[in-house]
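Listing of coords.csv; format and content: CSV, C-alpha atoms.
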```
chain,number,residue,atom,x,y,z
A,1,MET,CA,0.0,0.0,0.0
A,2,PHE,CA,1.3,3.4,-1.0
A,3,SER,CA,2.4,5.5,2.0
A,4,SER,CA,3.4,9.2,1.7
A,5,PRO,CA,6.1,10.6,4.0
A,6,PHE,CA,4.0,13.7,4.2
A,7,VAL,CA,1.1,12.0,6.0
A,8,PRO,CA,2.8,11.7,9.5
A,9,ALA,CA,4.0,15.3,9.2
A,10,LEU,CA,0.6,16.5,8.2
A,11,ALA,CA,-1.0,14.6,11.1
A,12,PHE,CA,1.5,16.2,13.5
A,13,LEU,CA,0.8,19.7,12.2
A,14,LEU,CA,-3.0,19.1,12.5
A,15,SER,CA,-2.5,17.9,16.1
A,16,LEU,CA,-0.6,21.0,17.3
A,17,PRO,CA,-3.6,23.2,18.1
A,18,LEU,CA,-5.0,20.3,20.2
A,19,LEU,CA,-1.8,19.9,22.1
A,20,PHE,CA,-1.7,23.7,22.9
A,21,LEU,CA,-5.3,23.4,24.1
A,22,LEU,CA,-4.8,20.4,26.3
A,23,ALA,CA,-1.3,21.0,27.6
A,24,PRO,CA,-2.2,23.5,30.3
A,25,ARG,CA,-4.8,21.0,31.6
A,26,ILE,CA,-2.4,18.0,31.6
A,27,LEU,CA,0.9,19.5,32.6
A,28,PRO,CA,1.5,21.1,36.0
A,29,PRO,CA,1.6,24.9,35.9
A,30,ARG,CA,5.0,26.4,35.7
A,31,GLN,CA,5.9,28.0,39.0
A,32,VAL,CA,6.6,31.7,39.2
A,33,PRO,CA,10.2,32.0,40.4
A,34,ILE,CA,11.4,34.6,42.9
A,35,SER,CA,13.5,36.8,40.6
A,36,LEU,CA,16.6,38.6,41.7
A,37,PRO,CA,15.1,42.1,41.1
A,38,ASP,CA,12.0,41.2,43.1
A,39,GLU,CA,14.2,39.8,45.9
A,40,LEU,CA,16.3,43.0,46.0
A,41,ASP,CA,13.2,45.2,46.0
A,42,ASP,CA,11.8,43.2,49.0
A,43,LEU,CA,15.1,43.3,50.9
A,44,SER,CA,15.2,47.1,50.5
A,45,LEU,CA,11.7,47.4,51.9
A,46,PHE,CA,12.4,44.9,54.7
A,47,SER,CA,15.6,46.9,55.7
A,48,LYS,CA,13.7,50.2,55.9
A,49,ALA,CA,10.8,48.6,57.9
A,50,SER,CA,13.2,46.9,60.2
A,51,ALA,CA,15.4,50.0,60.8
A,52,GLY,CA,12.4,52.2,61.4
A,53,SER,CA,10.9,49.8,63.9
A,54,THR,CA,14.2,49.4,65.7
A,55,HIS,CA,14.4,53.2,66.2
A,56,HIS,CA,10.8,53.4,67.4
A,57,LEU,CA,11.3,50.5,69.9
A,58,GLN,CA,14.5,52.1,71.3
A,59,TRP,CA,12.7,55.4,71.7
A,60,GLN,CA,9.8,53.6,73.5
A,61,SER,CA,12.2,51.7,75.7
A,62,GLN,CA,13.9,54.9,76.8
A,63,THR,CA,10.5,56.6,77.4
A,64,HIS,CA,9.4,53.8,79.7
A,65,SER,CA,12.7,53.3,81.6
A,66,GLN,CA,13.2,57.1,82.2
A,67,PRO,CA,9.8,58.7,82.6
A,68,ARG,CA,9.6,62.4,82.8
A,69,PRO,CA,6.7,64.3,84.4
A,70,SER,CA,5.7,65.9,81.1
A,71,SER,CA,6.3,62.9,78.8
A,72,LYS,CA,3.7,60.3,77.8
A,73,SER,CA,4.0,57.1,75.7
A,74,ARG,CA,3.1,57.4,72.1
A,75,LEU,CA,0.6,54.6,72.9
A,76,GLY,CA,-0.6,56.3,76.0
A,77,ALA,CA,-4.0,57.6,76.9
A,78,THR,CA,-3.5,61.0,75.1
A,79,ASN,CA,-1.9,59.4,72.0
A,80,PRO,CA,-3.1,56.9,69.4
A,81,ARG,CA,-4.0,53.5,70.7
A,82,PRO,CA,-2.6,50.3,69.3
A,83,LYS,CA,-3.8,49.6,65.8
A,84,ILE,CA,-4.7,46.5,63.8
A,85,ALA,CA,-3.3,46.3,60.3
A,86,PHE,CA,-5.7,44.4,58.0
A,87,LEU,CA,-3.6,42.9,55.2
A,88,PHE,CA,-5.6,41.8,52.2
A,89,LEU,CA,-3.9,39.4,49.8
A,90,THR,CA,-5.8,39.0,46.6
A,91,ASN,CA,-5.7,38.1,42.9
A,92,SER,CA,-9.2,39.2,42.1
A,93,ASP,CA,-11.7,41.9,43.0
A,94,LEU,CA,-12.5,42.5,46.6
A,95,HIS,CA,-16.1,41.3,46.2
A,96,PHE,CA,-16.9,41.7,49.9
A,97,ALA,CA,-15.7,45.3,50.1
A,98,PRO,CA,-19.2,46.6,50.9
A,99,LEU,CA,-19.4,44.2,53.9
A,100,TRP,CA,-16.0,45.2,55.1
A,101,GLU,CA,-16.9,48.9,54.6
A,102,SER,CA,-19.8,48.3,57.1
A,103,PHE,CA,-17.4,46.5,59.4
A,104,PHE,CA,-14.9,49.3,59.5
A,105,ASN,CA,-17.5,52.1,59.7
A,106,GLY,CA,-19.7,50.6,62.4
A,107,SER,CA,-19.0,53.5,64.7
A,108,LYS,CA,-16.8,55.7,62.4
A,109,ARG,CA,-15.8,58.4,64.9
A,110,LYS,CA,-14.6,55.9,67.5
A,111,GLN,CA,-12.7,53.4,65.5
A,112,GLN,CA,-11.2,55.1,62.5
A,113,HIS,CA,-7.9,55.6,64.3
A,114,LEU,CA,-7.7,52.0,65.4
A,115,TYR,CA,-6.9,50.3,62.1
A,116,ASN,CA,-5.1,50.5,58.9
A,117,ILE,CA,-5.7,48.7,55.6
A,118,TYR,CA,-3.2,47.4,53.1
A,119,ILE,CA,-3.9,45.5,49.9
A,120,HIS,CA,-1.5,43.3,47.9
A,121,ALA,CA,-3.2,42.7,44.5
A,122,ASP,CA,-1.5,40.6,41.7
A,123,PRO,CA,-0.5,43.3,39.1
A,124,THR,CA,-1.1,40.8,36.3
A,125,VAL,CA,-4.8,40.7,37.0
A,126,LYS,CA,-7.2,43.6,36.3
A,127,ILE,CA,-8.8,44.5,39.6
A,128,ASN,CA,-11.4,47.2,40.1
A,129,PRO,CA,-10.4,49.5,43.0
A,130,PRO,CA,-13.3,49.3,45.5
A,131,GLY,CA,-13.0,52.9,46.9
A,132,GLY,CA,-14.3,53.8,50.4
A,133,VAL,CA,-12.0,52.7,53.2
A,134,PHE,CA,-10.0,50.8,50.6
A,135,ALA,CA,-9.2,53.8,48.5
A,136,ASP,CA,-5.4,54.3,48.0
A,137,ARG,CA,-4.6,51.3,50.2
A,138,PHE,CA,-2.9,49.2,47.4
A,139,ILE,CA,0.8,48.6,48.0
A,140,PRO,CA,3.4,47.9,45.3
A,141,ALA,CA,2.9,44.3,44.4
A,142,LYS,CA,4.4,41.4,42.5
A,143,LYS,CA,2.8,38.5,40.7
A,144,THR,CA,1.5,35.6,42.9
A,145,GLN,CA,0.8,32.0,42.2
A,146,ARG,CA,-0.6,29.1,44.2
A,147,SER,CA,1.8,26.4,45.2
A,148,SER,CA,4.8,28.8,45.0
A,149,ALA,CA,6.8,31.0,47.4
A,150,THR,CA,5.3,34.1,45.8
A,151,LEU,CA,2.5,33.9,48.4
A,152,ILE,CA,5.1,34.1,51.2
A,153,SER,CA,6.8,37.1,49.5
A,154,ALA,CA,3.4,38.8,49.2
A,155,ALA,CA,2.6,38.3,52.9
A,156,ARG,CA,6.1,39.5,54.0
A,157,ARG,CA,5.7,42.6,51.7
A,158,LEU,CA,2.4,43.4,53.4
A,159,LEU,CA,3.9,43.0,56.8
A,160,ALA,CA,6.9,45.2,56.0
A,161,THR,CA,4.7,47.9,54.4
A,162,ALA,CA,2.5,48.0,57.5
A,163,LEU,CA,5.5,48.1,59.9
A,164,PHE,CA,7.1,50.9,58.0
A,165,ASP,CA,3.9,52.9,57.5
A,166,ASP,CA,2.7,53.3,61.0
A,167,PRO,CA,4.5,52.6,64.3
A,168,ALA,CA,1.1,52.2,66.0
A,169,ASN,CA,0.4,49.1,64.0
A,170,ALA,CA,0.6,46.5,66.8
A,171,PHE,CA,-1.2,43.5,65.2
A,172,PHE,CA,-1.2,42.3,61.7
A,173,ALA,CA,-4.2,40.2,60.4
A,174,LEU,CA,-3.7,38.5,57.0
A,175,LEU,CA,-6.9,38.0,55.0
A,176,SER,CA,-8.0,37.0,51.5
A,177,GLN,CA,-10.7,38.4,49.2
A,178,HIS,CA,-12.8,35.4,50.2
A,179,CYS,CA,-12.8,36.2,53.9
A,180,ILE,CA,-15.6,37.8,55.8
A,181,PRO,CA,-15.9,39.2,59.3
A,182,LEU,CA,-17.9,37.2,61.8
A,183,HIS,CA,-18.2,40.0,64.4
A,184,SER,CA,-18.3,43.8,64.7
A,185,PHE,CA,-15.0,45.7,64.6
A,186,LYS,CA,-15.4,46.6,68.3
A,187,PHE,CA,-15.6,42.9,69.2
A,188,VAL,CA,-12.6,42.0,67.0
A,189,TYR,CA,-10.5,44.9,68.4
A,190,GLN,CA,-11.3,44.0,72.0
A,191,THR,CA,-10.4,40.3,71.3
A,192,ILE,CA,-7.1,41.1,69.8
A,193,VAL,CA,-6.1,44.2,71.8
A,194,HIS,CA,-7.1,43.9,75.4
A,195,PRO,CA,-8.5,47.1,76.9
A,196,SER,CA,-5.5,47.4,79.2
A,197,SER,CA,-3.0,47.1,76.4
A,198,THR,CA,-2.3,50.8,75.8
A,199,ASP,CA,1.5,50.8,76.3
A,200,LEU,CA,4.5,48.9,75.0
A,201,THR,CA,5.1,46.8,78.1
A,202,GLN,CA,1.6,45.3,77.8
A,203,LEU,CA,1.8,44.7,74.1
A,204,PHE,CA,4.9,42.5,74.5
A,205,LYS,CA,2.8,40.1,76.5
A,206,HIS,CA,0.5,39.3,73.6
A,207,ARG,CA,0.7,36.2,71.6
A,208,SER,CA,0.3,35.7,67.8
A,209,PHE,CA,-2.8,33.9,66.6
A,210,ILE,CA,-1.2,31.4,64.2
A,211,GLU,CA,-2.0,27.8,63.6
A,212,ILE,CA,1.0,25.5,64.2
A,213,LEU,CA,0.5,21.7,63.7
A,214,SER,CA,3.1,18.9,63.7
A,215,LYS,CA,1.0,15.7,63.2
A,216,GLU,CA,-0.6,16.1,59.8
A,217,PRO,CA,-0.6,12.9,57.7
A,218,THR,CA,0.7,14.6,54.6
A,219,LEU,CA,3.5,16.4,56.3
A,220,TRP,CA,6.3,14.1,55.1
A,221,ASP,CA,5.2,14.5,51.4
A,222,ARG,CA,5.1,18.3,51.8
A,223,TYR,CA,8.5,18.3,53.5
A,224,ASN,CA,10.0,16.6,50.5
A,225,ALA,CA,8.1,18.6,47.9
A,226,ARG,CA,11.3,20.3,46.7
A,227,GLY,CA,13.3,17.0,46.7
A,228,GLU,CA,14.4,14.5,49.4
A,229,ASN,CA,16.3,16.2,52.2
A,230,VAL,CA,16.5,19.5,50.4
A,231,MET,CA,15.3,21.4,53.5
A,232,LEU,CA,18.3,20.2,55.5
A,233,PRO,CA,20.2,21.4,57.5
A,234,GLU,CA,18.1,24.5,58.1
A,235,VAL,CA,14.8,22.7,58.6
A,236,PRO,CA,14.9,19.1,60.0
A,237,PHE,CA,11.7,17.2,59.5
A,238,ASP,CA,11.0,17.2,63.2
A,239,ARG,CA,10.9,21.0,63.2
A,240,PHE,CA,8.8,21.3,60.1
A,241,ARG,CA,5.3,22.6,60.8
A,242,VAL,CA,2.0,23.3,58.9
A,243,GLY,CA,-0.8,25.7,59.6
A,244,SER,CA,-3.4,28.0,58.1
A,245,GLN,CA,-2.1,30.7,55.7
A,246,PHE,CA,-4.2,33.3,57.6
A,247,PHE,CA,-2.9,34.6,60.9
A,248,ILE,CA,-2.8,37.6,63.3
A,249,LEU,CA,0.8,38.4,64.2
A,250,THR,CA,2.1,40.7,66.9
A,251,ARG,CA,4.5,43.4,65.9
A,252,ARG,CA,7.5,41.6,67.3
A,253,HIS,CA,6.7,38.5,65.3
A,254,ALA,CA,6.0,40.6,62.1
A,255,LEU,CA,9.5,42.0,62.6
A,256,LEU,CA,10.9,38.5,63.1
A,257,VAL,CA,9.4,37.4,59.8
A,258,ILE,CA,10.8,40.3,57.6
A,259,ARG,CA,14.2,40.0,59.2
A,260,GLU,CA,14.5,36.3,58.6
A,261,ARG,CA,16.8,35.1,55.8
A,262,ARG,CA,18.1,31.6,56.7
A,263,LEU,CA,14.8,29.6,56.3
A,264,TRP,CA,13.7,31.7,53.4
A,265,ARG,CA,16.6,30.4,51.3
A,266,LYS,CA,15.0,26.9,51.5
A,267,PHE,CA,11.3,27.8,51.3
A,268,LYS,CA,11.8,30.0,48.2
A,269,LEU,CA,13.1,27.0,46.2
A,270,PRO,CA,10.7,25.7,43.5
A,271,CYS,CA,8.8,22.5,44.2
A,272,LEU,CA,9.3,19.3,42.2
A,273,ARG,CA,5.9,17.9,43.3
A,274,ILE,CA,3.3,20.6,42.9
A,275,GLU,CA,0.5,18.5,44.4
A,276,SER,CA,2.4,18.6,47.8
A,277,CYS,CA,3.6,22.2,47.5
A,278,TYR,CA,2.0,24.8,49.8
A,279,PRO,CA,4.9,27.0,51.0
A,280,GLU,CA,2.7,29.7,52.6
A,281,GLU,CA,1.2,27.1,54.9
A,282,HIS,CA,4.6,26.0,56.2
A,283,TYR,CA,7.1,29.0,56.3
A,284,PHE,CA,5.3,31.0,58.9
A,285,PRO,CA,4.3,28.2,61.3
A,286,THR,CA,7.8,26.6,61.0
A,287,LEU,CA,9.7,29.9,61.6
A,288,LEU,CA,7.6,30.9,64.6
A,289,SER,CA,7.6,27.4,66.1
A,290,MET,CA,11.4,27.5,65.9
A,291,GLU,CA,11.9,31.0,67.3
A,292,ASP,CA,9.1,31.6,69.7
A,293,PRO,CA,6.6,28.7,70.2
A,294,LYS,CA,5.4,30.0,73.6
A,295,GLY,CA,4.6,33.4,72.0
A,296,CYS,CA,2.0,31.8,69.7
A,297,THR,CA,-1.4,30.4,70.4
A,298,HIS,CA,-0.9,27.5,67.9
A,299,TYR,CA,-4.4,28.1,66.5
A,300,THR,CA,-5.9,30.6,64.1
A,301,LEU,CA,-9.0,32.9,64.4
A,302,THR,CA,-10.0,32.4,60.8
A,303,ARG,CA,-12.5,29.6,60.3
A,304,VAL,CA,-12.1,27.4,57.3
A,305,ASN,CA,-14.3,24.4,56.4
A,306,TRP,CA,-12.2,21.6,54.9
A,307,THR,CA,-15.2,19.2,54.4
A,308,ASP,CA,-15.4,18.1,50.8
A,309,SER,CA,-12.3,20.1,49.8
A,310,VAL,CA,-11.2,19.8,46.2
A,311,ASN,CA,-7.5,20.1,45.0
A,312,GLY,CA,-6.4,21.7,48.3
A,313,HIS,CA,-9.3,24.2,48.2
A,314,PRO,CA,-11.6,24.4,51.2
A,315,HIS,CA,-15.4,24.3,51.0
A,316,THR,CA,-16.9,27.4,49.3
A,317,TYR,CA,-20.1,28.6,50.8
A,318,ARG,CA,-22.9,29.5,48.3
A,319,PRO,CA,-25.9,31.8,48.8
A,320,PRO,CA,-28.3,29.0,49.8
A,321,GLU,CA,-26.0,28.2,52.7
A,322,VAL,CA,-25.8,31.7,54.1
A,323,SER,CA,-28.0,32.1,57.2
A,324,PRO,CA,-27.8,33.4,60.7
A,325,GLU,CA,-27.2,29.8,61.9
A,326,LEU,CA,-24.2,29.6,59.6
A,327,ILE,CA,-22.6,32.7,61.2
A,328,TYR,CA,-23.3,31.4,64.7
A,329,ASP,CA,-21.8,28.0,63.8
A,330,LEU,CA,-18.7,29.6,62.2
A,331,ARG,CA,-18.0,31.6,65.3
A,332,LEU,CA,-17.7,28.5,67.5
A,333,SER,CA,-14.2,27.3,68.3
A,334,ASN,CA,-12.4,24.9,70.6
A,335,SER,CA,-10.3,27.7,72.1
A,336,THR,CA,-11.3,30.4,74.6
A,337,TYR,CA,-11.7,32.8,71.7
A,338,SER,CA,-14.5,33.0,69.1
A,339,TYR,CA,-13.5,32.8,65.5
A,340,LEU,CA,-13.3,36.4,64.1
A,341,PHE,CA,-13.2,35.7,60.4
A,342,ALA,CA,-14.3,33.0,58.0
A,343,ARG,CA,-13.6,31.8,54.5
A,344,LYS,CA,-14.3,30.7,51.7
A,345,PHE,CA,-17.4,32.5,50.3
A,346,SER,CA,-18.4,32.9,46.7
A,347,PRO,CA,-18.8,36.5,45.5
A,348,ASP,CA,-22.6,36.0,45.1
A,349,CYS,CA,-22.9,35.6,48.8
A,350,LEU,CA,-22.5,39.4,49.2
A,351,ASN,CA,-26.2,40.4,49.2
A,352,PRO,CA,-27.3,37.7,51.6
A,353,LEU,CA,-24.5,38.6,54.0
A,354,LEU,CA,-25.3,42.4,53.7
A,355,ASP,CA,-29.0,41.6,54.4
A,356,MET,CA,-28.1,40.3,57.9
A,357,ALA,CA,-25.0,42.3,58.6
A,358,ASP,CA,-26.5,44.7,61.2
A,359,SER,CA,-28.9,42.2,62.7
A,360,VAL,CA,-26.6,39.2,63.0
A,361,ILE,CA,-22.9,39.6,62.0
A,362,PHE,CA,-22.2,43.0,63.7
A,363,ARG,CA,-24.6,42.4,66.6
A,364,ASP,CA,-22.5,41.0,69.4
```

Encoded form using structure tokens:
Amino acid sequence: MFSSPFVPALAFLLSLPLLFLLAPRILPPRQVPISLPDELDDLSLFSKASAGSTHHLQWQSQTHSQPRPSSKSRLGATNPRPKIAFLFLTNSDLHFAPLWESFFNGSKRKQQHLYNIYIHADPTVKINPPGGVFADRFIPAKKTQRSSATLISAARRLLATALFDDPANAFFALLSQHCIPLHSFKFVYQTIVHPSSTDLTQLFKHRSFIEILSKEPTLWDRYNARGENVMLPEVPFDRFRVGSQFFILTRRHALLVIRERRLWRKFKLPCLRIESCYPEEHYFPTLLSMEDPKGCTHYTLTRVNWTDSVNGHPHTYRPPEVSPELIYDLRLSNSTYSYLFARKFSPDCLNPLLDMADSVIFRD
């Protein structure tokens, strides 16, 4: 039978469009690397934030150790109280901005000096600025990607910006665009910042709300996601930890994170096994577990439902599930504290949530 040498070539050419279509679905996504220019930009920011905070702490220490009749602490009764820095990490629109607007403006005159907002938005994605309390709160950002160290970099960038921006930022809450508040601002503030915490000596007694776990069944696979024993010697397996990406850090721990270099050299390495690669869930718990385990609660105040999770994503709540009972259930925790935030909600949950904001969510 006659066979033309052009037939295989023609078949190959005709299959190319199909290969281009299917390849992204078959092959693992290429990880976004931490480039040298990005690294240098971050180091410059971290150095400024660290130096500025060191100067502020030295000034505070001198003020408290050598009080003068006419001097008062910057965090004293006649000066700004400790603030919570709300750090939003997103790669899409802030769909729940109207709900957060109501949260921050619950009693506008009393709480507008008790918080700051910072947003890290992936610059490769078109995002509509929400305005209101979020206006002009976007920080210089870099591209982020799931299963890569870029999410660690973004969180550190948010922490450094908040540290440098306002010395009164005493607590740093990392959130996503899928997070919602479960209580009023007043309740959240009083939970994180105790009423008596109005000076530096009191603030140093606080712990960070960060989940730190050591007995998860997938921990070994995650430890070797970059290759067998690649994490050694900086991170032995028995020191490797996992926890929620979303935390509330004290100022001293935020400074610890942006000053750290040794563990970062390992965690920024690309993973060989993407299915086991979640750097942002390991870097922060491992670092704080190594450096100050007693200064952490070992649990988070952001509720996540891992029932029926798909590809590492938690359950996403839809409008039919939104009800007062859901909010009450999400608040419940095994610790002495109520959960303050929850995720993950689909954007179309906004209206049902707004409908019960005043009567349920912000009514404590």

Select, from A:Ile258, A:Leu159, A:Ile139, A:Leu249, the residue with the minimum atom-to-atom distance to Phe171 (chain A), counting all atoms listed in the file.
->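 Nearest to Phe171 (chain A): A:Leu249.
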
Coordinates-based distance that separates CA of Thr218 (chain A) from CA of Asn311 (chain A) (Å, one decimal) = 13.8 Å

Which one of A:Phe237, A:Tyr115, A:Phe362, A:Phe96 sits closest to Ile192 (chain A) if you count only C-alpha atoms?
-> A:Tyr115

Which residue, A:Thr191, A:Ala155, A:Met231, A:Ile84, has the smallest gap to Thr336 (chain A) when you use all atoms listed in the file?
->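 Of the candidates, the smallest distance to Thr336 (chain A) is held by A:Thr191.
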
Contacts of Val230 (chain A) at 9 Å (all atoms listed in the file; same-chain gap of 6+ positions) as an MDAnalysis selection string | chainID A and resid 223:224 266

Pro324 (chain A) surroundings by only C-alpha atoms, 12 Å radius, close-in-sequence under 6 positions cut, as an MDAnalysis selection string | chainID A and resid 182 330:331 352:363

When you draw a straight line from CA of Thr286 (chain A) to CA of His194 (chain A), how long is it in Å?
->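 Those two atoms sit 27.0 Å apart.
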
Protein, DNA and RNA residues within 7 Å of (3.0, 40.1, 42.1), all atoms listed in the file, as a PDB file with C-alpha atoms, in the frame of the given file:
```
ATOM      1  CA  ASP A 122      -1.500  40.600  41.700  1.00  0.00           C
ATOM      2  CA  PRO A 123      -0.500  43.300  39.100  1.00  0.00           C
ATOM      3  CA  ALA A 141       2.900  44.300  44.400  1.00  0.00           C
ATOM      4  CA  LYS A 142       4.400  41.400  42.500  1.00  0.00           C
ATOM      5  CA  LYS A 143       2.800  38.500  40.700  1.00  0.00           C
ATOM      6  CA  THR A 144       1.500  35.600  42.900  1.00  0.00           C
TER       7      THR A 144
END
```

Between A:Lys83, A:Arg146, A:Glu211, A:Gly132, which has the minimum distance to Thr250 (chain A) (counting all atoms listed in the file)?
-> A:Lys83

At what distance in Å, to one decimal, does CA of Leu89 (chain A) lie from CA of Arg262 (chain A)?
->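 Atom-to-atom, CA of Arg262 (chain A) to CA of Leu89 (chain A), that is 24.3 Å.
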
Between A:Lys48, A:Arg137, A:Arg273, A:His95, which one has atoms that come closest to Cys179 (chain A), using only C-alpha atoms?
-> A:His95

Quick one: residues within 6 Å of region 290-303 of chain A, only C-alpha atoms counted, chain neighbours fewer than 5 positions away excluded, as a ChimeraX atom specification?
-> /A:207-212,247,339-342

Restricting the calculation to only C-alpha atoms, which member of A:Ala97, A:Leu163, A:Ile152, A:Leu350 is positioned closest to Gly52 (chain A)?
->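 Selected residue with least distance to Gly52 (chain A): A:Leu163.
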
Please provide as a CSV table (one decimal) with C-alpha atoms, keeping the file's coordinate frame all residues within 12 Å of Asp93 (chain A), with the sequence filter that same-chain residues fewer than 3 positions apart are discarded (counting only C-alpha atoms).
```
chain,number,residue,atom,x,y,z
A,88,PHE,CA,-5.6,41.8,52.2
A,89,LEU,CA,-3.9,39.4,49.8
A,90,THR,CA,-5.8,39.0,46.6
A,96,PHE,CA,-16.9,41.7,49.9
A,97,ALA,CA,-15.7,45.3,50.1
A,98,PRO,CA,-19.2,46.6,50.9
A,119,ILE,CA,-3.9,45.5,49.9
A,120,HIS,CA,-1.5,43.3,47.9
A,121,ALA,CA,-3.2,42.7,44.5
A,122,ASP,CA,-1.5,40.6,41.7
A,123,PRO,CA,-0.5,43.3,39.1
A,125,VAL,CA,-4.8,40.7,37.0
A,126,LYS,CA,-7.2,43.6,36.3
A,127,ILE,CA,-8.8,44.5,39.6
A,128,ASN,CA,-11.4,47.2,40.1
A,129,PRO,CA,-10.4,49.5,43.0
A,130,PRO,CA,-13.3,49.3,45.5
A,131,GLY,CA,-13.0,52.9,46.9
A,134,PHE,CA,-10.0,50.8,50.6
A,176,SER,CA,-8.0,37.0,51.5
A,177,GLN,CA,-10.7,38.4,49.2
A,178,HIS,CA,-12.8,35.4,50.2
A,346,SER,CA,-18.4,32.9,46.7
A,347,PRO,CA,-18.8,36.5,45.5
```

Some atoms are absent from region 87-101 of chain A, so rebuild N, CA, C and O atoms and return them as a PDB file, keeping the file's coordinate frame.
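out02.pdb written:
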```pdb
ATOM      1  N   LEU A  87      -4.434  43.118  56.434  1.00  0.00           N
ATOM      2  CA  LEU A  87      -3.600  42.900  55.200  1.00  0.00           C
ATOM      3  C   LEU A  87      -4.404  41.973  54.278  1.00  0.00           C
ATOM      4  O   LEU A  87      -4.588  40.780  54.543  1.00  0.00           O
ATOM      5  N   PHE A  88      -4.860  42.539  53.179  1.00  0.00           N
ATOM      6  CA  PHE A  88      -5.600  41.800  52.200  1.00  0.00           C
ATOM      7  C   PHE A  88      -4.725  41.306  51.073  1.00  0.00           C
ATOM      8  O   PHE A  88      -4.097  42.115  50.382  1.00  0.00           O
ATOM      9  N   LEU A  89      -4.673  39.997  50.890  1.00  0.00           N
ATOM     10  CA  LEU A  89      -3.900  39.400  49.800  1.00  0.00           C
ATOM     11  C   LEU A  89      -4.851  38.830  48.789  1.00  0.00           C
ATOM     12  O   LEU A  89      -5.645  37.927  49.074  1.00  0.00           O
ATOM     13  N   THR A  90      -4.809  39.387  47.575  1.00  0.00           N
ATOM     14  CA  THR A  90      -5.800  39.000  46.600  1.00  0.00           C
ATOM     15  C   THR A  90      -5.273  38.934  45.171  1.00  0.00           C
ATOM     16  O   THR A  90      -4.268  39.580  44.838  1.00  0.00           O
ATOM     17  N   ASN A  91      -5.947  38.141  44.353  1.00  0.00           N
ATOM     18  CA  ASN A  91      -5.700  38.100  42.900  1.00  0.00           C
ATOM     19  C   ASN A  91      -6.957  38.265  42.122  1.00  0.00           C
ATOM     20  O   ASN A  91      -7.055  37.845  40.971  1.00  0.00           O
ATOM     21  N   SER A  92      -7.947  38.882  42.772  1.00  0.00           N
ATOM     22  CA  SER A  92      -9.200  39.200  42.100  1.00  0.00           C
ATOM     23  C   SER A  92      -9.854  40.373  42.824  1.00  0.00           C
ATOM     24  O   SER A  92      -9.308  40.897  43.800  1.00  0.00           O
ATOM     25  N   ASP A  93     -11.017  40.798  42.336  1.00  0.00           N
ATOM     26  CA  ASP A  93     -11.700  41.900  43.000  1.00  0.00           C
ATOM     27  C   ASP A  93     -12.033  41.610  44.439  1.00  0.00           C
ATOM     28  O   ASP A  93     -12.233  40.448  44.813  1.00  0.00           O
ATOM     29  N   LEU A  94     -12.092  42.660  45.248  1.00  0.00           N
ATOM     30  CA  LEU A  94     -12.500  42.500  46.600  1.00  0.00           C
ATOM     31  C   LEU A  94     -14.043  42.537  46.678  1.00  0.00           C
ATOM     32  O   LEU A  94     -14.681  43.554  46.941  1.00  0.00           O
ATOM     33  N   HIS A  95     -14.621  41.369  46.384  1.00  0.00           N
ATOM     34  CA  HIS A  95     -16.100  41.300  46.200  1.00  0.00           C
ATOM     35  C   HIS A  95     -16.838  41.641  47.481  1.00  0.00           C
ATOM     36  O   HIS A  95     -17.988  42.098  47.415  1.00  0.00           O
ATOM     37  N   PHE A  96     -16.214  41.442  48.629  1.00  0.00           N
ATOM     38  CA  PHE A  96     -16.900  41.700  49.900  1.00  0.00           C
ATOM     39  C   PHE A  96     -16.553  43.062  50.479  1.00  0.00           C
ATOM     40  O   PHE A  96     -16.751  43.308  51.672  1.00  0.00           O
ATOM     41  N   ALA A  97     -16.029  43.953  49.650  1.00  0.00           N
ATOM     42  CA  ALA A  97     -15.700  45.300  50.100  1.00  0.00           C
ATOM     43  C   ALA A  97     -16.850  46.015  50.781  1.00  0.00           C
ATOM     44  O   ALA A  97     -16.658  46.656  51.823  1.00  0.00           O
ATOM     45  N   PRO A  98     -18.089  45.935  50.249  1.00  0.00           N
ATOM     46  CA  PRO A  98     -19.200  46.600  50.900  1.00  0.00           C
ATOM     47  C   PRO A  98     -19.441  46.075  52.353  1.00  0.00           C
ATOM     48  O   PRO A  98     -19.791  46.844  53.259  1.00  0.00           O
ATOM     49  N   LEU A  99     -19.251  44.775  52.547  1.00  0.00           N
ATOM     50  CA  LEU A  99     -19.400  44.200  53.900  1.00  0.00           C
ATOM     51  C   LEU A  99     -18.310  44.681  54.816  1.00  0.00           C
ATOM     52  O   LEU A  99     -18.566  45.058  55.972  1.00  0.00           O
ATOM     53  N   TRP A 100     -17.087  44.692  54.311  1.00  0.00           N
ATOM     54  CA  TRP A 100     -16.000  45.200  55.100  1.00  0.00           C
ATOM     55  C   TRP A 100     -16.111  46.691  55.388  1.00  0.00           C
ATOM     56  O   TRP A 100     -15.739  47.175  56.457  1.00  0.00           O
ATOM     57  N   GLU A 101     -16.665  47.417  54.441  1.00  0.00           N
ATOM     58  CA  GLU A 101     -16.900  48.900  54.600  1.00  0.00           C
ATOM     59  C   GLU A 101     -17.823  49.064  55.851  1.00  0.00           C
ATOM     60  O   GLU A 101     -17.566  49.926  56.706  1.00  0.00           O
TER      61      GLU A 101
END
```
